[in-house]
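Just protein04.cif here, mmCIF, C-alpha atoms:
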data_structure
loop_
_atom_site.label_atom_id
_atom_site.label_comp_id
_atom_site.auth_asym_id
_atom_site.auth_seq_id
_atom_site.Cartn_x
_atom_site.Cartn_y
_atom_site.Cartn_z
CA MET A 23 151.81 41.25 69.98
CA VAL A 24 150.15 42.59 66.84
CA THR A 25 146.37 42.97 66.78
CA THR A 26 144.71 42.63 63.43
CA THR A 27 141.33 44.16 62.66
CA THR A 28 139.05 42.32 60.34
CA PRO A 29 136.82 44.19 57.90
CA GLN A 30 133.78 42.82 59.74
CA ALA A 31 134.96 44.35 63.05
CA THR A 32 135.64 47.68 61.39
CA GLU A 33 132.20 47.73 59.81
CA SER A 34 130.60 46.82 63.14
CA ALA A 35 132.44 49.66 64.92
CA ARG A 36 131.27 52.11 62.27
CA ALA A 37 127.70 50.91 62.66
CA ASP A 38 127.91 51.28 66.45
CA ALA A 39 129.29 54.79 66.11
CA GLN A 40 126.52 55.69 63.66
CA ARG A 41 123.86 54.35 66.02
CA ALA A 42 125.39 56.31 68.90
CA ARG A 43 125.33 59.52 66.85
CA SER A 44 121.72 58.88 65.85
CA ALA A 45 120.76 58.26 69.49
CA ARG A 46 122.42 61.50 70.58
CA ARG A 47 120.64 63.37 67.80
CA ARG A 48 117.26 61.94 68.86
CA ARG A 49 117.94 62.89 72.49
CA ARG A 50 118.74 66.45 71.46
CA ILE A 51 115.47 66.71 69.52
CA LEU A 52 113.12 64.60 71.65
CA GLY A 53 114.83 64.80 75.03
CA GLU A 54 115.73 61.98 77.36
CA ASN A 55 112.12 60.82 77.56
CA PRO A 56 110.25 61.03 74.21
CA LEU A 57 107.06 59.91 75.94
CA GLY A 58 107.05 63.19 77.89
CA LEU A 59 107.12 65.13 74.62
CA LEU A 60 104.23 63.02 73.33
CA LEU A 61 102.16 63.65 76.46
CA SER A 62 102.87 67.39 76.36
CA ALA A 63 102.12 67.65 72.62
CA PRO A 64 98.44 68.67 73.12
CA TYR A 65 99.48 71.56 75.36
CA LEU A 66 102.22 72.60 72.90
CA ILE A 67 99.63 72.63 70.12
CA PHE A 68 97.36 74.72 72.34
CA ILE A 69 100.16 77.20 73.02
CA ALA A 70 100.99 77.43 69.32
CA ALA A 71 97.36 77.94 68.31
CA ILE A 72 96.31 80.33 71.09
CA PHE A 73 99.50 82.32 71.73
CA ALA A 74 102.25 81.83 69.17
CA PHE A 75 100.17 82.20 66.00
CA PRO A 76 98.19 85.26 67.19
CA LEU A 77 101.42 86.94 68.33
CA GLY A 78 103.08 86.30 64.97
CA PHE A 79 99.99 87.51 63.14
CA ALA A 80 99.91 90.65 65.29
CA VAL A 81 103.52 91.39 64.36
CA TRP A 82 102.64 90.97 60.68
CA MET A 83 99.58 93.24 61.06
CA SER A 84 101.65 95.96 62.72
CA PHE A 85 103.79 96.31 59.59
CA HIS A 86 100.88 96.39 57.13
CA ASP A 87 97.91 98.57 56.32
CA TYR A 88 95.50 96.04 57.80
CA PHE A 89 91.75 96.53 57.96
CA PHE A 90 88.73 94.34 58.40
CA ALA A 91 87.11 93.00 55.25
CA ALA A 92 84.20 90.73 54.42
CA PRO A 93 84.90 87.00 54.87
CA GLY A 94 86.44 85.56 51.72
CA ALA A 95 87.22 88.96 50.21
CA ASP A 96 90.61 89.18 48.50
CA VAL A 97 92.03 92.60 49.39
CA GLU A 98 95.58 93.91 49.23
CA ARG A 99 97.14 95.01 52.48
CA GLN A 100 100.23 97.04 51.72
CA PHE A 101 103.45 96.91 53.69
CA VAL A 102 103.85 100.23 55.51
CA GLY A 103 107.02 99.61 57.48
CA PHE A 104 107.12 101.45 60.80
CA ASP A 105 104.26 103.85 60.00
CA ASN A 106 101.94 102.21 62.52
CA PHE A 107 104.60 102.35 65.22
CA ILE A 108 105.27 106.03 64.47
CA ALA A 109 101.55 106.75 64.72
CA VAL A 110 101.43 104.93 68.04
CA ALA A 111 104.51 106.65 69.44
CA THR A 112 103.16 110.12 68.59
CA ASP A 113 99.61 109.49 69.85
CA PRO A 114 98.97 111.25 73.20
CA ALA A 115 96.29 108.71 74.09
CA VAL A 116 98.77 105.84 73.71
CA GLN A 117 101.41 107.68 75.73
CA ARG A 118 98.83 108.31 78.46
CA SER A 119 97.80 104.65 78.51
CA PHE A 120 101.38 103.46 79.04
CA LEU A 121 101.85 106.06 81.77
CA ASN A 122 98.66 104.81 83.40
CA VAL A 123 99.75 101.17 83.40
CA GLY A 124 103.14 102.28 84.73
CA ILE A 125 101.41 103.95 87.69
CA PHE A 126 99.34 100.81 88.15
CA LEU A 127 102.40 98.53 88.20
CA ILE A 128 104.32 100.80 90.58
CA ILE A 129 101.48 100.47 93.09
CA ASN A 130 100.24 96.95 92.40
CA VAL A 131 103.42 94.88 92.05
CA PRO A 132 105.31 95.93 95.23
CA LEU A 133 102.08 95.91 97.25
CA THR A 134 101.24 92.43 95.99
CA VAL A 135 104.67 91.02 96.87
CA VAL A 136 104.79 92.57 100.35
CA LEU A 137 101.22 91.77 101.39
CA ALA A 138 101.24 88.27 99.94
CA LEU A 139 104.49 87.36 101.69
CA LEU A 140 103.47 88.86 105.04
CA LEU A 141 100.04 87.25 105.01
CA ALA A 142 101.41 83.90 103.84
CA THR A 143 103.97 83.94 106.65
CA ALA A 144 101.26 84.73 109.19
CA LEU A 145 98.90 82.07 107.80
CA ASN A 146 101.70 79.51 107.85
CA ARG A 147 101.94 79.93 111.63
CA VAL A 148 98.21 79.82 112.33
CA VAL A 149 97.04 76.61 113.97
CA ARG A 150 93.29 77.09 114.36
CA GLY A 151 91.12 78.21 111.48
CA ARG A 152 93.91 77.89 108.93
CA LEU A 153 91.69 76.40 106.20
CA PHE A 154 88.97 79.01 106.76
CA LEU A 155 91.45 81.87 106.50
CA ARG A 156 93.07 80.49 103.35
CA VAL A 157 89.72 80.05 101.66
CA SER A 158 88.66 83.55 102.75
CA PHE A 159 91.68 85.12 101.06
CA TYR A 160 91.22 83.01 97.93
CA VAL A 161 87.48 83.64 97.41
CA PRO A 162 87.88 87.11 95.78
CA TYR A 163 90.31 85.65 93.24
CA VAL A 164 87.85 83.04 91.99
CA THR A 165 84.84 85.37 92.16
CA ALA A 166 83.72 86.90 88.88
CA SER A 167 85.03 90.43 88.38
CA VAL A 168 81.57 91.72 87.53
CA ALA A 169 80.30 90.69 90.95
CA VAL A 170 83.09 92.22 93.02
CA VAL A 171 83.19 95.35 90.86
CA GLY A 172 79.65 96.09 92.00
CA VAL A 173 80.81 96.01 95.62
CA TRP A 174 83.70 98.39 94.92
CA LEU A 175 81.46 100.77 92.98
CA PHE A 176 79.20 100.88 96.03
CA MET A 177 82.13 101.47 98.38
CA PHE A 178 84.00 104.10 96.34
CA SER A 179 81.15 106.02 94.72
CA GLN A 180 80.42 109.67 95.59
CA ASN A 181 78.04 108.64 98.36
CA GLY A 182 79.69 105.29 99.02
CA LEU A 183 80.72 103.69 102.26
CA VAL A 184 84.34 104.88 102.12
CA ASN A 185 83.39 108.53 101.63
CA GLN A 186 80.84 108.33 104.42
CA ILE A 187 83.54 107.03 106.77
CA LEU A 188 86.04 109.69 105.69
CA GLY A 189 83.51 112.49 105.90
CA PRO A 190 85.16 115.84 105.13
CA LEU A 191 88.40 114.04 104.25
CA ALA A 192 86.76 112.33 101.27
CA PRO A 193 88.25 113.37 97.90
CA ASP A 194 86.24 115.59 95.59
CA PRO A 195 85.67 114.46 92.87
CA SER A 196 85.35 110.94 94.21
CA TRP A 197 87.81 108.09 93.78
CA LEU A 198 86.86 106.55 90.44
CA ILE A 199 85.98 109.84 88.74
CA ASN A 200 89.08 111.63 90.02
CA PRO A 201 91.83 111.81 87.36
CA SER A 202 94.55 111.48 90.01
CA LEU A 203 92.94 108.68 92.03
CA ALA A 204 91.21 106.51 89.42
CA MET A 205 94.22 104.36 88.51
CA PRO A 206 95.53 104.01 92.12
CA THR A 207 92.04 102.88 93.16
CA ILE A 208 92.02 100.29 90.39
CA ALA A 209 95.48 99.14 91.49
CA LEU A 210 94.20 98.62 95.04
CA PHE A 211 91.19 96.70 93.72
CA VAL A 212 93.33 94.36 91.60
CA THR A 213 95.75 93.84 94.49
CA TRP A 214 92.91 92.86 96.81
CA LYS A 215 91.26 90.59 94.24
CA GLN A 216 94.38 88.65 93.21
CA LEU A 217 96.07 88.53 96.60
CA GLY A 218 94.73 85.07 97.50
CA PHE A 219 96.43 83.44 94.51
CA PHE A 220 99.83 84.88 95.39
CA ILE A 221 99.38 83.95 99.05
CA LEU A 222 98.97 80.32 97.97
CA LEU A 223 102.18 80.54 95.94
CA TYR A 224 104.08 81.81 98.97
CA LEU A 225 102.48 79.22 101.25
CA ALA A 226 103.75 76.48 98.96
CA ALA A 227 107.22 78.06 98.93
CA LEU A 228 107.30 78.33 102.72
CA GLN A 229 106.82 74.58 103.03
CA ALA A 230 110.16 74.11 101.24
CA VAL A 231 112.16 76.32 103.61
CA PRO A 232 114.11 73.96 105.92
CA GLN A 233 112.87 74.12 109.50
CA GLU A 234 116.46 73.75 110.68
CA LEU A 235 117.19 77.28 109.49
CA TYR A 236 114.52 78.69 111.79
CA GLU A 237 115.85 76.61 114.66
CA SER A 238 119.39 77.85 114.02
CA ALA A 239 118.18 81.45 113.91
CA ALA A 240 116.35 80.97 117.22
CA THR A 241 119.46 79.43 118.75
CA ASP A 242 121.51 82.44 117.65
CA GLY A 243 119.01 84.71 119.37
CA ALA A 244 117.42 86.17 116.22
CA GLY A 245 114.04 87.79 116.75
CA ALA A 246 110.98 87.47 114.55
CA VAL A 247 111.93 90.39 112.29
CA ARG A 248 115.54 89.27 111.87
CA THR A 249 114.42 85.68 111.17
CA PHE A 250 111.95 86.93 108.58
CA PHE A 251 114.56 88.90 106.63
CA SER A 252 117.42 86.42 107.11
CA VAL A 253 115.59 83.12 106.61
CA THR A 254 112.12 83.55 105.14
CA VAL A 255 112.83 86.18 102.48
CA PRO A 256 115.89 84.38 101.01
CA GLY A 257 114.13 81.02 101.29
CA VAL A 258 111.20 82.09 99.13
CA ARG A 259 113.20 84.11 96.59
CA PRO A 260 112.25 81.85 93.64
CA ALA A 261 108.59 82.29 94.60
CA THR A 262 109.13 86.06 94.82
CA LEU A 263 110.48 86.08 91.28
CA LEU A 264 107.44 84.10 90.12
CA VAL A 265 105.06 86.50 91.90
CA LEU A 266 106.84 89.48 90.35
CA LEU A 267 106.63 88.03 86.85
CA ILE A 268 102.98 87.02 87.10
CA ALA A 269 101.94 90.32 88.69
CA THR A 270 103.81 92.28 86.01
CA ILE A 271 102.35 90.30 83.13
CA THR A 272 98.77 90.37 84.44
CA GLY A 273 99.08 94.05 85.30
CA ALA A 274 100.36 94.92 81.84
CA ASN A 275 97.29 93.14 80.41
CA LEU A 276 94.90 95.21 82.52
CA PHE A 277 91.52 95.45 80.79
CA THR A 278 88.48 94.25 82.73
CA GLU A 279 88.88 96.48 85.79
CA PRO A 280 89.12 99.90 84.07
CA TYR A 281 86.49 98.80 81.57
CA LEU A 282 84.01 98.06 84.36
CA LEU A 283 85.03 100.43 87.15
CA THR A 284 85.55 103.63 85.14
CA ASN A 285 83.26 102.98 82.18
CA GLY A 286 86.04 102.34 79.70
CA GLY A 287 89.05 104.28 80.93
CA GLY A 288 87.57 107.43 82.39
CA PRO A 289 87.75 110.11 83.45
CA ASN A 290 89.19 111.51 80.22
CA GLY A 291 91.53 108.57 79.71
CA ALA A 292 93.01 108.71 83.23
CA SER A 293 92.53 104.96 83.69
CA THR A 294 92.90 103.74 80.11
CA SER A 295 95.33 100.83 79.80
CA PRO A 296 97.18 99.83 76.60
CA VAL A 297 95.06 96.68 76.25
CA LEU A 298 91.85 98.66 76.68
CA LEU A 299 93.11 101.15 74.10
CA MET A 300 93.88 98.24 71.76
CA TYR A 301 90.25 97.17 72.06
CA GLN A 302 88.99 100.69 71.41
CA LYS A 303 91.22 101.32 68.41
CA GLY A 304 91.08 97.83 66.93
CA ILE A 305 87.44 96.90 67.45
CA GLU A 306 85.48 100.08 68.06
CA GLN A 307 87.44 102.36 65.70
CA GLY A 308 88.41 99.76 63.08
CA ASN A 309 92.21 100.24 63.20
CA PRO A 310 93.54 96.75 63.98
CA ASP A 311 96.98 97.56 62.54
CA VAL A 312 97.49 100.37 65.04
CA ALA A 313 96.15 98.16 67.82
CA ALA A 314 98.61 95.44 66.82
CA ALA A 315 101.49 97.93 66.98
CA ILE A 316 100.45 98.86 70.52
CA GLY A 317 100.39 95.17 71.41
CA VAL A 318 103.86 94.52 69.99
CA ILE A 319 105.33 97.44 71.95
CA LEU A 320 103.59 96.20 75.10
CA VAL A 321 105.02 92.68 74.65
CA ILE A 322 108.54 94.05 74.19
CA LEU A 323 108.27 96.24 77.29
CA VAL A 324 106.94 93.36 79.39
CA LEU A 325 109.81 91.14 78.25
CA VAL A 326 112.32 93.85 79.16
CA PHE A 327 110.83 94.32 82.62
CA ALA A 328 110.68 90.55 83.14
CA LEU A 329 114.38 90.24 82.30
CA ILE A 330 115.22 93.08 84.67
CA GLU A 331 113.19 91.49 87.47
CA ARG A 332 114.86 88.14 86.89
CA ARG A 333 118.27 89.75 87.01
CA LEU A 334 117.57 91.75 90.16
CA VAL A 335 115.58 89.18 92.13
CA GLY A 336 116.21 85.75 90.72
CA GLY A 337 119.65 85.94 89.17
CA ASP A 338 121.24 82.73 87.96
CA GLU A 339 120.25 80.84 91.11
CA SER A 340 116.55 80.82 90.26
#
Using the file provided, produce a representation of the structure as structure tokens.
Amino acid sequence: MVTTTTPQATESARADAQRARSARRRRRILGENPLGLLLSAPYLIFIAAIFAFPLGFAVWMSFHDYFFAAPGADVERQFVGFDNFIAVATDPAVQRSFLNVGIFLIINVPLTVVLALLLATALNRVVRGRLFLRVSFYVPYVTASVAVVGVWLFMFSQNGLVNQILGPLAPDPSWLINPSLAMPTIALFVTWKQLGFFILLYLAALQAVPQELYESAATDGAGAVRTFFSVTVPGVRPATLLVLLIATITGANLFTEPYLLTNGGGPNGASTSPVLLMYQKGIEQGNPDVAAAIGVILVILVLVFALIERRLVGGDES
């Protein structure tokens, strides 16, 4: 039997194929649900205006001899290549600031992950007073930094509460004016202040761990410690990756705490962070191009550390 194809059928098949290709192209661009893209458009515009454009402008500034000028003034800003980056790389103050934030992250990030997970696990098992305890841990996070900084200045000053308790064991010079202890003290303060937020993240993750796993572990005779490391820790691994990323990013952007606790990075730059140095060089000293170069290097380093953390903790399963 011979089947004949009319020109009309051929044209219809071509039209159907064209419509199918157009539909696939629209799905690639707009996704399966274009309404979702429409609803998220305001946030995408916000991200572009608040984050993407300033980041791109900072990259442009870092490669030019940029300086502040009067509004509307037409001035030439020459391309200087990597001169700003060379100046940053050879500046002892910049090197010290990156070392300081490295010390901060080494203390803050592991301490945040361990304490948040342990406290979240304990709070998840509490029956009475659960709401009160959760709110108590979360209050420092939502309290203005200026308010809680006053409490820590009172506690860790030369004649503060901590030194009075320690007596002859108190460090001299005191915590926040000691070059060796200023940044670790700030790391402890930030850990305490932000801990409630990360506890909530872990509490949400613990709700998704199947209860059957705990029952199986109990049936096999696993104790509390073995159950914690064999069931809880693997069950909240995606949350651990999120906590690591957020703690690293917020720690790398450290500004308010050294600015308030040590009067702008003291003593002698021992608590200066890269972001605080960006403010000092860009705003106070009038070198926004150098400040932009510091910011670009900081962004690159944070991205590298985030990729390493994702590879080590999250892997492809996250």
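Compared by their closest atoms to A:Ile208, and using only C-alpha atoms, the residues A:Ala70, A:Leu276, A:Ala240, A:Leu298 rank with A:Leu276 nearest.
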>> For the provided coordinates, the residues matched by the PyMOL selection byres ((chain A and resi 301) around 12) should be stated as a PyMOL selection string.
In response: chain A and resi 275-278+281+286-287+294-300+302-314+316-317
Selected residues written out, C-alpha atoms, as a PDB file, in the frame of the given file:
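Ended up saving to selection_37.pdb:
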ATOM      1  CA  ASN A 275      97.290  93.140  80.410  1.00  0.00           C
ATOM      2  CA  LEU A 276      94.900  95.210  82.520  1.00  0.00           C
ATOM      3  CA  PHE A 277      91.520  95.450  80.790  1.00  0.00           C
ATOM      4  CA  THR A 278      88.480  94.250  82.730  1.00  0.00           C
ATOM      5  CA  TYR A 281      86.490  98.800  81.570  1.00  0.00           C
ATOM      6  CA  GLY A 286      86.040 102.340  79.700  1.00  0.00           C
ATOM      7  CA  GLY A 287      89.050 104.280  80.930  1.00  0.00           C
ATOM      8  CA  THR A 294      92.900 103.740  80.110  1.00  0.00           C
ATOM      9  CA  SER A 295      95.330 100.830  79.800  1.00  0.00           C
ATOM     10  CA  PRO A 296      97.180  99.830  76.600  1.00  0.00           C
ATOM     11  CA  VAL A 297      95.060  96.680  76.250  1.00  0.00           C
ATOM     12  CA  LEU A 298      91.850  98.660  76.680  1.00  0.00           C
ATOM     13  CA  LEU A 299      93.110 101.150  74.100  1.00  0.00           C
ATOM     14  CA  MET A 300      93.880  98.240  71.760  1.00  0.00           C
ATOM     15  CA  GLN A 302      88.990 100.690  71.410  1.00  0.00           C
ATOM     16  CA  LYS A 303      91.220 101.320  68.410  1.00  0.00           C
ATOM     17  CA  GLY A 304      91.080  97.830  66.930  1.00  0.00           C
ATOM     18  CA  ILE A 305      87.440  96.900  67.450  1.00  0.00           C
ATOM     19  CA  GLU A 306      85.480 100.080  68.060  1.00  0.00           C
ATOM     20  CA  GLN A 307      87.440 102.360  65.700  1.00  0.00           C
ATOM     21  CA  GLY A 308      88.410  99.760  63.080  1.00  0.00           C
ATOM     22  CA  ASN A 309      92.210 100.240  63.200  1.00  0.00           C
ATOM     23  CA  PRO A 310      93.540  96.750  63.980  1.00  0.00           C
ATOM     24  CA  ASP A 311      96.980  97.560  62.540  1.00  0.00           C
ATOM     25  CA  VAL A 312      97.490 100.370  65.040  1.00  0.00           C
ATOM     26  CA  ALA A 313      96.150  98.160  67.820  1.00  0.00           C
ATOM     27  CA  ALA A 314      98.610  95.440  66.820  1.00  0.00           C
ATOM     28  CA  ILE A 316     100.450  98.860  70.520  1.00  0.00           C
ATOM     29  CA  GLY A 317     100.390  95.170  71.410  1.00  0.00           C
TER      30      GLY A 317
END
> Contacts of A:Thr207 at 9 Å or less, counting all atoms listed in the file, minus same-chain residues fewer than 3 places along, as a list in words?
Replying inline: Phe178, Trp197, Leu198, Leu203, Ala204, Leu210, Phe211 and Val212 of chain A
File dump, residues just selected, C-alpha atoms, as an mmCIF file, keeping the file's coordinate frame:
data_model
loop_
_atom_site.group_PDB
_atom_site.id
_atom_site.type_symbol
_atom_site.label_atom_id
_atom_site.label_comp_id
_atom_site.auth_asym_id
_atom_site.auth_seq_id
_atom_site.Cartn_x
_atom_site.Cartn_y
_atom_site.Cartn_z
ATOM 1 C CA PHE A 178 84.000 104.100 96.340
ATOM 2 C CA TRP A 197 87.810 108.090 93.780
ATOM 3 C CA LEU A 198 86.860 106.550 90.440
ATOM 4 C CA LEU A 203 92.940 108.680 92.030
ATOM 5 C CA ALA A 204 91.210 106.510 89.420
ATOM 6 C CA LEU A 210 94.200 98.620 95.040
ATOM 7 C CA PHE A 211 91.190 96.700 93.720
ATOM 8 C CA VAL A 212 93.330 94.360 91.600
#
>> Report, in Å with one decimal, the straight-line distance from atom CA of A:Thr213 to atom CA of A:Pro132.
In response: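 According to the coordinates, atom CA of A:Thr213 and atom CA of A:Pro132 are separated by 9.8 Å.
One distance worth recording is that between atom CA of A:Val116 and atom CA of A:Leu323, which is 14.0 Å.
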> Which polymer residues have any atom within 9 Å of an atom of A:Asn146, counting all atoms listed in the file, with same-chain residues fewer than 5 positions away left out, as a PyMOL selection string?
Replying inline: chain A and resi 141+152+225+228-229
